[in-house]
Amino acid sequence: MSKIVTLGEIMLRLSPSGHLRFVQSNSFDVVYGGGEANVAVSCANYGHDAYFVTKLPTHEIGQSALNSLRQFGVKTDFIARGGNRVGIYYLESGSSVRPSKVIYDRAHSAISEAEVSDFDLDAIMEGAQWFHWSGITPALSDNAAALTLEACKAAKRHGVTVSVDLNFRKKLWTPEMAQSVMRPLMQYVDVCIGNEEDTELCLGFKPDADVENGSTDAAGYEGIFKAMAAEFGFKYVISTLRESLSASHNGWKAMIYDGKEFYVSRRYDLLPIVDRVGGGDSFSGGIIHGLLTMETPGEALEFAVAASALKHTVHGDFNMMSAQEVEQLAHGSGNGRVQR
């Protein structure tokens, strides 16, 4: 299997039990998660040497975050230690017509204040086959944006494939700020992953599809996929296509463009959703595994969509699925019958 590197922030997640509202809860469930950390866990579960790169405080909460990665086989050799804070986010899980809510408390986290000099980026990228980051990381701070840029440069020096999940977060920056940072970074990217909102807000490309009203016709994406590949030189352009019928019920599929052909996956009907946080990250982990190990982009896409569909059934940020379980769904019926 391959050496895969991801760079980003892992946070402490605090959630009311079940579907309680914040104002109803006297206690919170604790898990750890964050975009690129979630991707690393998926890749480790599939048998890869997955390295997560971040900075964490030396105190017990920082160690707990690090331990949460180690228990799923993620390699933590390149995690810098120092700083004062582990970022926190609060999640209230929605249901039916009530959407989920996220409150961030991540200002001045260790990774947002980290310096490029905290990391030996050439050592990190040495022998790697893949480097993955998301638009969340450069949105954290100017320091994090500079670190992302230098990590991309190091990856290219070592011939590493680079993927990005655009992941626009309006609570972290504006579309104008995002495009000023993200568009220049695209020169280092081989595989671009993003839904319709991400591509518009981060890169300025809007698909011809009314997603808010449930339209996920892949034909509406073909024009911008071609334009994005032409402008930035992407090898693959990929988008997830989510139909948000309610907080508990989504339609889910994806498409991939390899510069020649478009491929649209099968559609999954996700009902009821246990936890949709990390759904996009599990897709990214699946597409990385698929493109590294499978013969065609279509096979890779089907694996990624199945992996993400399964993540929606798992509590927490991390996708607790093996490659075999994902392949069973990708090639099976998904009827949920008991396996005896």
# chains A, B, ... in the order shown; residues from 1 in each chain; ligands from 1
>>> residues_around(residues="Gln328 in chain A", least_positions_apart="5", cutoff="12 Å", atoms="only C-alpha atoms", output="list in words")
Glu302, Phe303, Ala306, Ala307, Leu310, Met321, Ser322, Ala323, Ser333, Gly334, Asn335, Gly336 and Gln339 of chain A
>>> select_by_dssp(residues="range 123-170 of chain A", states="alpha helix (DSSP H)", output="ChimeraX atom specification")
/A:123-125,136-139,142-157
>>> residues_around(residues="Tyr268 in chain A", least_positions_apart="3", cutoff="7 Å", atoms="only C-alpha atoms", output="ChimeraX atom specification")
/A:251-253,309
>>> write_last_selection(atoms="all heavy atoms", output="JSON list (two decimals), in the first residue's frame")
[["chain", "number", "residue", "atom", "x", "y", "z"],
["A", 251, "GLY", "N", -30.18, 12.14, -0.87],
["A", 251, "GLY", "CA", -29.72, 11.36, -2.00],
["A", 251, "GLY", "C", -28.24, 11.64, -2.20],
["A", 251, "GLY", "O", -27.77, 12.75, -1.95],
["A", 252, "TRP", "N", -27.48, 10.64, -2.67],
["A", 252, "TRP", "CA", -26.02, 10.77, -2.67],
["A", 252, "TRP", "C", -25.41, 10.05, -3.87],
["A", 252, "TRP", "O", -25.65, 8.87, -4.08],
["A", 252, "TRP", "CB", -25.47, 10.18, -1.38],
["A", 252, "TRP", "CG", -23.99, 10.36, -1.14],
["A", 252, "TRP", "CD1", -23.06, 9.37, -1.06],
["A", 252, "TRP", "CD2", -23.29, 11.59, -0.92],
["A", 252, "TRP", "NE1", -21.82, 9.91, -0.80],
["A", 252, "TRP", "CE2", -21.94, 11.27, -0.71],
["A", 252, "TRP", "CE3", -23.70, 12.93, -0.89],
["A", 252, "TRP", "CZ2", -20.97, 12.25, -0.47],
["A", 252, "TRP", "CZ3", -22.73, 13.90, -0.64],
["A", 252, "TRP", "CH2", -21.40, 13.56, -0.43],
["A", 253, "LYS", "N", -24.67, 10.80, -4.68],
["A", 253, "LYS", "CA", -23.92, 10.22, -5.79],
["A", 253, "LYS", "C", -22.78, 11.17, -6.10],
["A", 253, "LYS", "O", -22.58, 12.18, -5.41],
["A", 253, "LYS", "CB", -24.82, 10.02, -7.02],
["A", 253, "LYS", "CG", -25.43, 11.28, -7.60],
["A", 253, "LYS", "CD", -26.36, 10.96, -8.77],
["A", 253, "LYS", "CE", -26.98, 12.25, -9.33],
["A", 253, "LYS", "NZ", -27.91, 11.96, -10.46],
["A", 309, "ALA", "N", -21.39, 6.77, 1.66],
["A", 309, "ALA", "CA", -22.74, 6.34, 2.05],
["A", 309, "ALA", "C", -22.70, 5.60, 3.38],
["A", 309, "ALA", "O", -23.55, 5.82, 4.26],
["A", 309, "ALA", "CB", -23.33, 5.47, 0.95]]
>>> residues_around(residues="range 143-155 of chain A", least_positions_apart="5", cutoff="6 Å", atoms="only C-alpha atoms", output="ChimeraX atom specification")
/A:112,116,122,125,138,160
>>> atom_distance(atom1="CA of Pro207 in chain A", atom2="CA of Ile256 in chain A")
14.1 Å
>>> closest_residue(among="A:Gln179, A:Ser134, A:Ser244, A:Thr174", to="Phe205 in chain A", atoms="only C-alpha atoms")
A:Gln179
>>> closest_atom_pairs(of="range 78-181 of chain A", to="range 18-26 of chain A", cutoff="10 Å", atoms="only C-alpha atoms", output="tab-separated table")
residue	atom	partner	partner_atom	distance
A:Tyr90	CA	A:Phe22	CA	8.7
A:Leu91	CA	A:Phe22	CA	8.4
A:Glu92	CA	A:Arg21	CA	6.0
A:Ser93	CA	A:His19	CA	5.4
A:Gly94	CA	A:His19	CA	6.4
A:Ser95	CA	A:His19	CA	7.0
A:Ser100	CA	A:His19	CA	9.3
A:Lys101	CA	A:Arg21	CA	9.4
>>> select_by_dssp(residues="range 1-132 of chain A", states="strand (DSSP E or B)", output="MDAnalysis selection string")
chainID A and resid 3:7 11:15 29:33 49:53 55:56 75 80:81 88:92 95 98 101:105 130:132
>>> write_last_selection(atoms="N, CA, C and O atoms", output="compact mmCIF listing (two decimals), in the first residue's frame")
# COMPACT_ATOMS: atom_id res chain seq x y z
N LYS A 3 2.18 5.36 0.90
CA LYS A 3 2.34 6.38 1.93
C LYS A 3 1.48 7.58 1.52
O LYS A 3 1.67 8.17 0.46
N ILE A 4 0.53 7.94 2.39
CA ILE A 4 -0.39 9.04 2.14
C ILE A 4 -0.23 10.06 3.26
O ILE A 4 -0.24 9.69 4.44
N VAL A 5 -0.08 11.32 2.91
CA VAL A 5 0.09 12.40 3.88
C VAL A 5 -1.11 13.33 3.81
O VAL A 5 -1.55 13.71 2.72
N THR A 6 -1.65 13.69 4.96
CA THR A 6 -2.69 14.72 5.02
C THR A 6 -2.26 15.78 6.02
O THR A 6 -1.56 15.50 6.99
N LEU A 7 -2.69 17.02 5.78
CA LEU A 7 -2.29 18.16 6.60
C LEU A 7 -3.52 18.94 7.01
O LEU A 7 -4.34 19.31 6.16
N MET A 11 -9.78 18.48 15.78
CA MET A 11 -10.48 19.22 16.83
C MET A 11 -11.20 18.29 17.79
O MET A 11 -11.51 17.14 17.47
N LEU A 12 -11.46 18.83 18.96
CA LEU A 12 -12.33 18.19 19.94
C LEU A 12 -13.77 18.51 19.55
O LEU A 12 -14.12 19.68 19.38
N ARG A 13 -14.57 17.48 19.37
CA ARG A 13 -15.99 17.66 19.02
C ARG A 13 -16.85 17.38 20.24
O ARG A 13 -16.75 16.31 20.85
N LEU A 14 -17.71 18.32 20.59
CA LEU A 14 -18.63 18.19 21.72
C LEU A 14 -20.06 18.25 21.20
O LEU A 14 -20.44 19.21 20.53
N SER A 15 -20.86 17.22 21.52
CA SER A 15 -22.21 17.11 20.98
C SER A 15 -23.19 16.68 22.05
O SER A 15 -22.90 15.80 22.86
N ASP A 29 -21.22 14.53 24.46
CA ASP A 29 -20.41 13.41 24.01
C ASP A 29 -19.12 13.96 23.40
O ASP A 29 -19.12 15.01 22.75
N VAL A 30 -18.02 13.23 23.58
CA VAL A 30 -16.71 13.68 23.13
C VAL A 30 -16.17 12.74 22.07
O VAL A 30 -16.08 11.53 22.29
N VAL A 31 -15.83 13.29 20.91
CA VAL A 31 -15.05 12.57 19.90
C VAL A 31 -14.07 13.58 19.30
O VAL A 31 -14.16 14.78 19.58
N TYR A 32 -13.14 13.10 18.50
CA TYR A 32 -12.20 13.99 17.81
C TYR A 32 -12.42 13.86 16.31
O TYR A 32 -12.86 12.81 15.81
N GLY A 33 -12.13 14.92 15.59
CA GLY A 33 -12.28 14.86 14.14
C GLY A 33 -11.85 16.15 13.49
O GLY A 33 -11.54 17.14 14.15
N ASP A 49 -0.23 3.44 4.61
CA ASP A 49 0.56 4.13 5.62
C ASP A 49 0.12 5.59 5.60
O ASP A 49 0.62 6.40 4.81
N ALA A 50 -0.83 5.92 6.44
CA ALA A 50 -1.44 7.25 6.45
C ALA A 50 -0.81 8.10 7.55
O ALA A 50 -0.85 7.73 8.73
N TYR A 51 -0.24 9.22 7.15
CA TYR A 51 0.40 10.15 8.08
C TYR A 51 -0.43 11.43 8.16
O TYR A 51 -0.75 12.03 7.14
N PHE A 52 -0.76 11.83 9.38
CA PHE A 52 -1.46 13.11 9.57
C PHE A 52 -0.47 14.11 10.13
O PHE A 52 0.26 13.82 11.09
N VAL A 53 -0.46 15.29 9.53
CA VAL A 53 0.47 16.35 9.93
C VAL A 53 -0.32 17.51 10.53
O VAL A 53 -1.25 18.04 9.88
N LYS A 55 -0.18 20.38 14.37
CA LYS A 55 0.52 20.75 15.60
C LYS A 55 -0.47 20.67 16.75
O LYS A 55 -1.60 21.15 16.63
N LEU A 56 -0.06 20.04 17.83
CA LEU A 56 -0.92 19.85 18.99
C LEU A 56 -0.19 20.23 20.27
O LEU A 56 1.02 20.01 20.39
N LYS A 75 -0.43 7.27 11.40
CA LYS A 75 0.93 7.52 11.87
C LYS A 75 1.07 9.00 12.25
O LYS A 75 0.69 9.89 11.50
N ALA A 80 3.84 18.04 15.10
CA ALA A 80 4.62 18.93 15.96
C ALA A 80 3.87 19.14 17.27
O ALA A 80 2.64 19.11 17.31
N ARG A 81 4.62 19.34 18.34
CA ARG A 81 4.00 19.57 19.65
C ARG A 81 4.32 20.97 20.14
O ARG A 81 5.44 21.46 20.01
N ILE A 88 -11.94 23.48 19.14
CA ILE A 88 -13.17 22.81 19.56
C ILE A 88 -14.28 23.15 18.58
O ILE A 88 -14.35 24.26 18.07
N TYR A 89 -15.14 22.17 18.30
CA TYR A 89 -16.39 22.53 17.65
C TYR A 89 -17.54 21.80 18.32
O TYR A 89 -17.39 20.66 18.78
N TYR A 90 -18.66 22.51 18.40
CA TYR A 90 -19.88 21.99 19.01
C TYR A 90 -20.84 21.61 17.89
O TYR A 90 -21.07 22.40 16.97
N LEU A 91 -21.40 20.42 17.97
CA LEU A 91 -22.31 19.94 16.93
C LEU A 91 -23.66 19.58 17.54
O LEU A 91 -23.74 18.76 18.45
N GLU A 92 -24.71 20.22 17.01
CA GLU A 92 -26.09 19.85 17.35
C GLU A 92 -26.66 19.12 16.14
O GLU A 92 -26.80 19.69 15.07
N SER A 95 -32.57 16.87 12.65
CA SER A 95 -33.44 15.76 12.31
C SER A 95 -34.61 16.28 11.50
O SER A 95 -35.13 17.38 11.78
N ARG A 98 -35.27 20.07 10.72
CA ARG A 98 -34.36 20.88 11.54
C ARG A 98 -32.92 20.57 11.17
O ARG A 98 -32.46 19.45 11.35
N LYS A 101 -26.40 22.06 13.42
CA LYS A 101 -25.72 23.33 13.65
C LYS A 101 -24.31 23.06 14.18
O LYS A 101 -24.11 22.15 14.99
N VAL A 102 -23.37 23.89 13.73
CA VAL A 102 -21.99 23.80 14.20
C VAL A 102 -21.57 25.16 14.74
O VAL A 102 -21.80 26.19 14.11
N ILE A 103 -20.98 25.16 15.93
CA ILE A 103 -20.39 26.35 16.53
C ILE A 103 -18.89 26.09 16.70
O ILE A 103 -18.50 25.11 17.34
N TYR A 104 -18.06 26.96 16.13
CA TYR A 104 -16.61 26.80 16.23
C TYR A 104 -16.05 27.57 17.42
O TYR A 104 -16.48 28.69 17.72
N ASP A 105 -15.07 26.97 18.07
CA ASP A 105 -14.26 27.64 19.09
C ASP A 105 -12.81 27.21 18.83
O ASP A 105 -12.25 26.40 19.55
N TRP A 130 0.97 10.28 -2.16
CA TRP A 130 -0.21 11.16 -2.21
C TRP A 130 -0.16 12.16 -1.07
O TRP A 130 0.20 11.81 0.06
N PHE A 131 -0.54 13.41 -1.35
CA PHE A 131 -0.69 14.44 -0.34
C PHE A 131 -2.07 15.07 -0.49
O PHE A 131 -2.46 15.48 -1.58
N HIS A 132 -2.81 15.13 0.63
CA HIS A 132 -4.18 15.66 0.61
C HIS A 132 -4.33 16.79 1.62
O HIS A 132 -3.86 16.69 2.76
>>> residues_around(residues="Glu60 in chain A", least_positions_apart="5", cutoff="12 Å", atoms="only C-alpha atoms", output="PyMOL selection string")
chain A and resi 65-67+81-82+84-86
>>> write_last_selection(atoms="N, CA, C and O atoms", output="tab-separated table (two decimals), in the first residue's frame")
chain	number	residue	atom	x	y	z
A	65	ALA	N	-6.09	13.93	21.58
A	65	ALA	CA	-6.33	14.06	20.15
A	65	ALA	C	-5.37	13.19	19.35
A	65	ALA	O	-5.77	12.51	18.40
A	66	LEU	N	-4.10	13.22	19.75
A	66	LEU	CA	-3.10	12.38	19.07
A	66	LEU	C	-3.44	10.90	19.23
A	66	LEU	O	-3.36	10.11	18.27
A	67	ASN	N	-3.82	10.50	20.44
A	67	ASN	CA	-4.17	9.10	20.68
A	67	ASN	C	-5.36	8.65	19.86
A	67	ASN	O	-5.45	7.48	19.46
A	81	ARG	N	4.62	19.34	18.34
A	81	ARG	CA	4.00	19.57	19.65
A	81	ARG	C	4.32	20.97	20.14
A	81	ARG	O	5.44	21.46	20.01
A	82	GLY	N	3.31	21.61	20.71
A	82	GLY	CA	3.46	22.97	21.21
A	82	GLY	C	2.18	23.75	21.01
A	82	GLY	O	1.17	23.22	20.51
A	84	ASN	N	-1.01	26.28	22.62
A	84	ASN	CA	-1.83	26.25	23.83
A	84	ASN	C	-3.18	25.59	23.68
A	84	ASN	O	-3.75	25.15	24.68
A	85	ARG	N	-3.70	25.50	22.46
A	85	ARG	CA	-5.10	25.10	22.32
A	85	ARG	C	-5.29	23.99	21.29
A	85	ARG	O	-4.64	23.97	20.25
A	86	VAL	N	-6.22	23.09	21.60
A	86	VAL	CA	-6.83	22.22	20.60
A	86	VAL	C	-8.15	22.88	20.21
A	86	VAL	O	-8.95	23.24	21.10
>>> residues_around(residues="range 236-239 of chain A", least_positions_apart="6", cutoff="6 Å", atoms="only C-alpha atoms", output="list of chain:residue names")
A:Val191, A:Cys192, A:Ile193, A:Gly194, A:Asn195, A:Ala254, A:Met255, A:Ile256, A:Tyr257, A:Asp258
>>> closest_residue(among="A:Phe225, A:Tyr188, A:Tyr263, A:Phe28", to="Gly298 in chain A", atoms="only C-alpha atoms")
A:Tyr263
>>> residues_around(residues="range 271-278 of chain A", least_positions_apart="4", cutoff="8 Å", atoms="only C-alpha atoms", output="PyMOL selection string")
chain A and resi 34-35+38+93+247-250+282+311-319
>>> write_last_selection(atoms="all heavy atoms", output="short mmCIF file (atom, residue, chain, number, x, y, z; two decimals), in the first residue's frame")
data_model
loop_
_atom_site.label_atom_id
_atom_site.label_comp_id
_atom_site.auth_asym_id
_atom_site.auth_seq_id
_atom_site.Cartn_x
_atom_site.Cartn_y
_atom_site.Cartn_z
N GLY A 34 -11.84 16.13 12.18
CA GLY A 34 -11.44 17.28 11.38
C GLY A 34 -11.11 16.79 9.99
O GLY A 34 -10.64 15.66 9.83
N GLY A 35 -11.36 17.63 8.99
CA GLY A 35 -11.33 17.19 7.60
C GLY A 35 -10.21 16.25 7.21
O GLY A 35 -10.44 15.09 6.85
N ASN A 38 -9.85 13.05 9.30
CA ASN A 38 -10.84 12.04 8.90
C ASN A 38 -10.38 11.27 7.67
O ASN A 38 -10.58 10.05 7.57
CB ASN A 38 -12.18 12.70 8.61
CG ASN A 38 -12.73 13.48 9.79
OD1 ASN A 38 -12.35 13.26 10.93
ND2 ASN A 38 -13.64 14.40 9.51
N SER A 93 -26.94 17.83 16.29
CA SER A 93 -27.41 17.02 15.17
C SER A 93 -28.87 17.31 14.87
O SER A 93 -29.73 17.20 15.75
CB SER A 93 -27.23 15.53 15.48
OG SER A 93 -25.86 15.21 15.58
N ALA A 247 -32.79 16.83 6.89
CA ALA A 247 -31.58 16.56 7.66
C ALA A 247 -31.35 15.06 7.85
O ALA A 247 -30.22 14.61 8.05
CB ALA A 247 -31.65 17.24 9.02
N SER A 248 -32.43 14.28 7.75
CA SER A 248 -32.35 12.84 7.98
C SER A 248 -32.35 12.02 6.71
O SER A 248 -32.18 10.80 6.75
CB SER A 248 -33.55 12.39 8.84
OG SER A 248 -33.70 13.20 9.98
N HIS A 249 -32.57 12.68 5.57
CA HIS A 249 -32.79 11.95 4.31
C HIS A 249 -32.08 12.69 3.18
O HIS A 249 -32.44 13.81 2.85
CB HIS A 249 -34.28 11.85 4.02
CG HIS A 249 -34.62 11.02 2.83
ND1 HIS A 249 -35.88 11.02 2.26
CD2 HIS A 249 -33.87 10.16 2.07
CE1 HIS A 249 -35.90 10.19 1.23
NE2 HIS A 249 -34.69 9.67 1.08
N ASN A 250 -31.07 12.05 2.61
CA ASN A 250 -30.32 12.62 1.48
C ASN A 250 -30.23 11.63 0.34
O ASN A 250 -30.20 10.41 0.57
CB ASN A 250 -28.89 12.98 1.89
CG ASN A 250 -28.76 14.19 2.80
OD1 ASN A 250 -27.66 14.56 3.19
ND2 ASN A 250 -29.87 14.83 3.15
N SER A 282 -14.91 11.17 4.09
CA SER A 282 -14.88 9.74 3.80
C SER A 282 -14.89 9.51 2.29
O SER A 282 -14.30 8.55 1.79
CB SER A 282 -16.04 9.02 4.47
OG SER A 282 -17.28 9.51 4.01
N LYS A 311 -20.42 5.95 5.72
CA LYS A 311 -20.07 6.88 6.80
C LYS A 311 -21.31 7.54 7.39
O LYS A 311 -21.37 7.82 8.60
CB LYS A 311 -19.11 7.96 6.28
CG LYS A 311 -18.93 9.18 7.20
CD LYS A 311 -18.38 8.78 8.57
CE LYS A 311 -18.51 9.90 9.59
NZ LYS A 311 -19.88 10.08 10.11
N HIS A 312 -22.32 7.79 6.58
CA HIS A 312 -23.54 8.42 7.08
C HIS A 312 -24.28 7.55 8.10
O HIS A 312 -25.21 8.02 8.76
CB HIS A 312 -24.49 8.76 5.92
CG HIS A 312 -24.03 9.92 5.09
ND1 HIS A 312 -22.97 9.83 4.22
CD2 HIS A 312 -24.50 11.20 4.99
CE1 HIS A 312 -22.81 11.00 3.62
NE2 HIS A 312 -23.71 11.85 4.07
N THR A 313 -23.86 6.30 8.24
CA THR A 313 -24.47 5.39 9.22
C THR A 313 -23.65 5.27 10.49
O THR A 313 -24.02 4.52 11.39
CB THR A 313 -24.64 3.99 8.62
OG1 THR A 313 -23.35 3.34 8.52
CG2 THR A 313 -25.28 4.03 7.24
N VAL A 314 -22.53 6.01 10.59
CA VAL A 314 -21.58 5.86 11.69
C VAL A 314 -21.51 7.15 12.50
O VAL A 314 -21.30 8.23 11.94
CB VAL A 314 -20.17 5.50 11.15
CG1 VAL A 314 -19.17 5.39 12.30
CG2 VAL A 314 -20.22 4.20 10.36
N HIS A 315 -21.63 7.04 13.81
CA HIS A 315 -21.51 8.21 14.68
C HIS A 315 -20.06 8.65 14.78
O HIS A 315 -19.14 7.84 14.83
CB HIS A 315 -22.04 7.88 16.08
CG HIS A 315 -21.89 9.00 17.06
ND1 HIS A 315 -22.64 10.15 16.99
CD2 HIS A 315 -21.05 9.16 18.11
CE1 HIS A 315 -22.30 10.96 17.97
NE2 HIS A 315 -21.33 10.38 18.67
N GLY A 316 -19.85 9.96 14.80
CA GLY A 316 -18.51 10.52 14.91
C GLY A 316 -17.98 10.97 13.57
O GLY A 316 -18.59 10.76 12.52
N ASP A 317 -16.83 11.63 13.59
CA ASP A 317 -16.22 12.14 12.37
C ASP A 317 -15.57 11.05 11.52
O ASP A 317 -15.53 11.14 10.30
CB ASP A 317 -15.14 13.17 12.71
CG ASP A 317 -15.69 14.58 12.89
OD1 ASP A 317 -16.73 14.71 13.55
OD2 ASP A 317 -15.07 15.52 12.36
N PHE A 318 -15.00 10.04 12.18
CA PHE A 318 -14.21 9.04 11.48
C PHE A 318 -15.09 7.98 10.83
O PHE A 318 -16.13 7.59 11.39
CB PHE A 318 -13.25 8.34 12.44
CG PHE A 318 -12.23 9.24 13.09
CD1 PHE A 318 -11.61 8.87 14.27
CD2 PHE A 318 -11.87 10.45 12.51
CE1 PHE A 318 -10.66 9.67 14.88
CE2 PHE A 318 -10.91 11.27 13.11
CZ PHE A 318 -10.32 10.88 14.30
N ASN A 319 -14.67 7.50 9.66
CA ASN A 319 -15.38 6.41 8.99
C ASN A 319 -14.77 5.09 9.41
O ASN A 319 -13.62 4.79 9.10
CB ASN A 319 -15.27 6.56 7.47
CG ASN A 319 -16.26 5.68 6.74
OD1 ASN A 319 -17.22 5.19 7.33
ND2 ASN A 319 -16.03 5.47 5.45
#
>>> atom_distance(atom1="CA of Gln129 in chain A", atom2="CA of Glu231 in chain A")
24.4 Å
>>> atom_distance(atom1="CA of Ile79 in chain A", atom2="CA of Val41 in chain A")
14.9 Å
